[in-house]
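Working notes, structure below.
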Amino acid sequence: MRYRWIVLVLLISLFALVFAERRVLLVNWLAATGSGEPPPLLAKGDEGPVARWHDDYFTIQEVAPRTFAIGEPRYAQQNFSYLIVGDSRALLFDAGPGIRNIRRVAESLTEKPIVFLPSHFHYDHVGNSISFKEVAVVDLPYLRARAEGNRLTLGRSEHLGALEGFTAPTWEIDHWLPVGASIDLGHRSLMLLHTPGHTYDSVSLWDEENGLVFSGDYLYPGELYAFLPNSRMGDYLATSESLLSLLPDNVTFFGAHRAEPPGAPTLTSADLDDLNKSLNGIKDGSVKGEGSYPRLFPVNDRLAILAEPRWLQDWD
Ligand SMILES: [Zn+2]
């Protein structure tokens, strides 16, 4: 009789563990059953008159003075990273998956020293095997606590590189940037915004003078991912509210992926407002999703959110 109780307790514990770790298990399962390598490159398409090809892989678009979108339109996820140049130094926000070396592209655009800052730690943003002269990350207490001195190794479920065969990098961190920090590039400053939702470690950059926000994977045209191991719907909603109260209503958002060519992916303050409304609707049940897992919830004709079914969503 006692054995039955032990088996029951073990089964309940196992179920609780699987339930709590479901998103990590899903990613591990996808990694184990996938090809374990990057998808084949897409054909070189028409990038229109606004962008030029740097080589047969990268595109460059000057989206504002001294502000370059470096595109990887042949990579399946169509990543865009941003080089923001000041009088004394430049900042590279994201680095793509490292299939090709974006550092050389950035160095062809400026002679200023370049500091690399990832919008978050997913493998398609951190450059993986690329070495950077200077690396900055957001100074979140759990990251600082885990770093050995200034050495930080990305965790498996915050990097997700096993999906395409990338090994998580270890960085020597040169700059731990506090949330809200003003990053001085020399007569040009950027504010570091903590924008969790897609992942807890996600950050965005606000160039107030030029009305630009570089929003990483928090906001880009297409389907936003809010069901990954570090995603949280409550964070997505809270970030939309803090951005709406902080930012003027005429900024341009530059995201890290695009849905279709040509040009860098942009959205407006109205899109952020629509995202906020949709998140509130998903929370109260008035906005319905489609599909099983993840479910696709509509925002507007440019945006949608991929999230878990409502009963699994974490809003608190
Ligand atoms: Zn991501």
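Each chain of the structure tokens is named A, B, ... in the order shown, its residues numbered from 1; ligands are numbered from 1 in display order.
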* Tell me which protein, DNA and RNA residues are within 6 Å of region 217-227 of chain A, counting only C-alpha atoms, leaving out same-chain ones fewer than 6 positions away, and put them as a PyMOL selection string. => chain A and resi 198+255-256+258-259+302-308
**Request:** Could you please extract the residues within 8 Å of ligand 1, counting only C-alpha atoms and all ligand atoms, and hand them back as a ChimeraX atom specification?
**Result:** /A:120-125,198-199,216-217,225
Next item on the list: Could you please write out, as a PyMOL selection string, every residue of region 6-149 of chain A that DSSP assigns to strand (DSSP E or B)?
Entry: chain A and resi 52-53+59-64+67-72+79-85+90-93+114-117+134-138+148
Spatial neighbours of Ser292 (chain A), max dist 9 Å, only C-alpha atoms, sep filter under 3 positions, as a PyMOL selection string: chain A and resi 289+295-296+308-309
Print the selection's residues with N, CA and C atoms to a file, as a PDB file, in the first residue's frame.
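Okay, result.pdb is ready:
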ATOM      1  N   GLY A 289      -7.172  33.648 -29.965  1.00  0.00           N
ATOM      2  CA  GLY A 289      -6.076  33.154 -30.778  1.00  0.00           C
ATOM      3  C   GLY A 289      -6.512  32.029 -31.703  1.00  0.00           C
ATOM      4  N   ARG A 295      -0.300  29.557 -29.839  1.00  0.00           N
ATOM      5  CA  ARG A 295      -1.463  30.142 -30.506  1.00  0.00           C
ATOM      6  C   ARG A 295      -1.084  31.524 -31.047  1.00  0.00           C
ATOM      7  N   LEU A 296      -1.685  31.867 -32.197  1.00  0.00           N
ATOM      8  CA  LEU A 296      -1.390  33.158 -32.828  1.00  0.00           C
ATOM      9  C   LEU A 296      -2.523  34.131 -32.525  1.00  0.00           C
ATOM     10  N   GLU A 308       1.367  31.089 -25.577  1.00  0.00           N
ATOM     11  CA  GLU A 308       0.768  29.840 -25.123  1.00  0.00           C
ATOM     12  C   GLU A 308      -0.755  30.005 -25.067  1.00  0.00           C
ATOM     13  N   PRO A 309      -1.490  28.894 -25.014  1.00  0.00           N
ATOM     14  CA  PRO A 309      -2.934  29.005 -24.812  1.00  0.00           C
ATOM     15  C   PRO A 309      -3.225  29.781 -23.524  1.00  0.00           C
TER      16      PRO A 309
END
Write down as a list in words the residues belonging to region 147-209 of chain A that are assigned helix (DSSP H, G or I) by DSSP computed on the backbone.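 Filtering region 147-209 of chain A down to helix (DSSP H, G or I) leaves Arg156, Ser157, Glu158, His159, Gly161, Ala162 and Leu163 of chain A.
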Kindly assemble as a Markdown table a list of the region 151-256 of chain A residues that lie within 9 Å of region 126-140 of chain A, each paired with its nearest atom pair and their distance in Å to one decimal, using only C-alpha atoms, sorted first by chain and then by ascending residue number.
| residue | atom | partner | partner_atom | distance |
| --- | --- | --- | --- | --- |
| A:His159 | CA | A:Val126 | CA | 8.6 |
| A:Gly161 | CA | A:Asn128 | CA | 8.7 |
| A:Phe166 | CA | A:Asn128 | CA | 6.8 |
| A:Thr167 | CA | A:Asn128 | CA | 6.8 |
| A:Ala168 | CA | A:Asn128 | CA | 6.4 |
| A:Pro169 | CA | A:Asn128 | CA | 5.5 |
| A:Thr170 | CA | A:Asn128 | CA | 8.9 |
| A:Trp171 | CA | A:Val135 | CA | 7.3 |
| A:Glu172 | CA | A:Val135 | CA | 7.0 |
| A:Ile173 | CA | A:Val135 | CA | 5.3 |
| A:Asp174 | CA | A:Val135 | CA | 5.4 |
| A:His175 | CA | A:Ala136 | CA | 4.5 |
| A:Trp176 | CA | A:Asp139 | CA | 4.9 |
| A:Leu177 | CA | A:Val138 | CA | 4.8 |
| A:Pro178 | CA | A:Asp139 | CA | 4.9 |
| A:Val179 | CA | A:Val138 | CA | 6.6 |
| A:Leu192 | CA | A:Val138 | CA | 8.2 |
| A:His194 | CA | A:Val138 | CA | 8.2 |
| A:Asp201 | CA | A:Val138 | CA | 7.6 |
| A:Ser202 | CA | A:Val138 | CA | 8.6 |
| A:Val203 | CA | A:Val138 | CA | 7.4 |
- CA of Glu208 (chain A) to CA of Phe253 (chain A), distance in Å rounded to a single decimal: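 About the pair CA of Glu208 (chain A) and CA of Phe253 (chain A): they are 11.8 Å apart.
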List as CSV every residue of region 170-277 of chain A that is in contact with region 23-29 of chain A, defined as an atom at most 9 Å from one of its atoms (using only C-alpha atoms), together with the nearest atom pair and the distance in Å rounded to one decimal, sorted by chain and then rising number.
residue,atom,partner,partner_atom,distance
A:Phe227,CA,A:Arg23,CA,7.3
A:Leu228,CA,A:Arg23,CA,6.1
A:Pro229,CA,A:Arg23,CA,5.1
A:Asn230,CA,A:Arg23,CA,8.7
One residue among A:Lys277, A:Gln313, A:Leu8, A:Leu244 is nearest to Tyr293 (chain A) when using only C-alpha atoms, and that residue is A:Gln313
| request: Rank A:Val251, A:Leu41, A:Ala90, A:Ala162 by their smallest atom-to-atom distance to Trp206 (chain A), using only C-alpha atoms, and report the top residue only. | output: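 Under the stated criterion, the closest residue is A:Val251.
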For this session: Determine the nearest neighbour of Phe68 (chain A) from the options A:Ala264, A:Pro113, A:Gly165, A:Pro40, counting only C-alpha atoms.
Result: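 Answer, going by the shortest atom-to-atom distance: A:Ala264.
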Review point. Could you pull the residues within 10 Å of Glu209 (chain A), counting only C-alpha atoms, minus those fewer than 4 positions along the same chain, as a list of chain:residue names?
Key: A:Arg188, A:Ser189, A:Leu190
List the spatial neighbours of His187 (chain A) as a PDB file with C-alpha atoms, in the first residue's frame - criterion: any atom at most 9 Å away, only C-alpha atoms, same-chain residues fewer than 4 positions off excluded.
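The file below, around08.pdb, is the result:
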ATOM      1  CA  GLY A  86      28.631  59.136 -32.206  1.00  0.00           C
ATOM      2  CA  ASP A  87      31.565  61.557 -32.239  1.00  0.00           C
ATOM      3  CA  SER A  88      33.805  59.404 -30.046  1.00  0.00           C
TER       4      SER A  88
END
Expressed in Å, the length from CA of Glu158 (chain A) to CA of Gln78 (chain A) is 20.1 Å
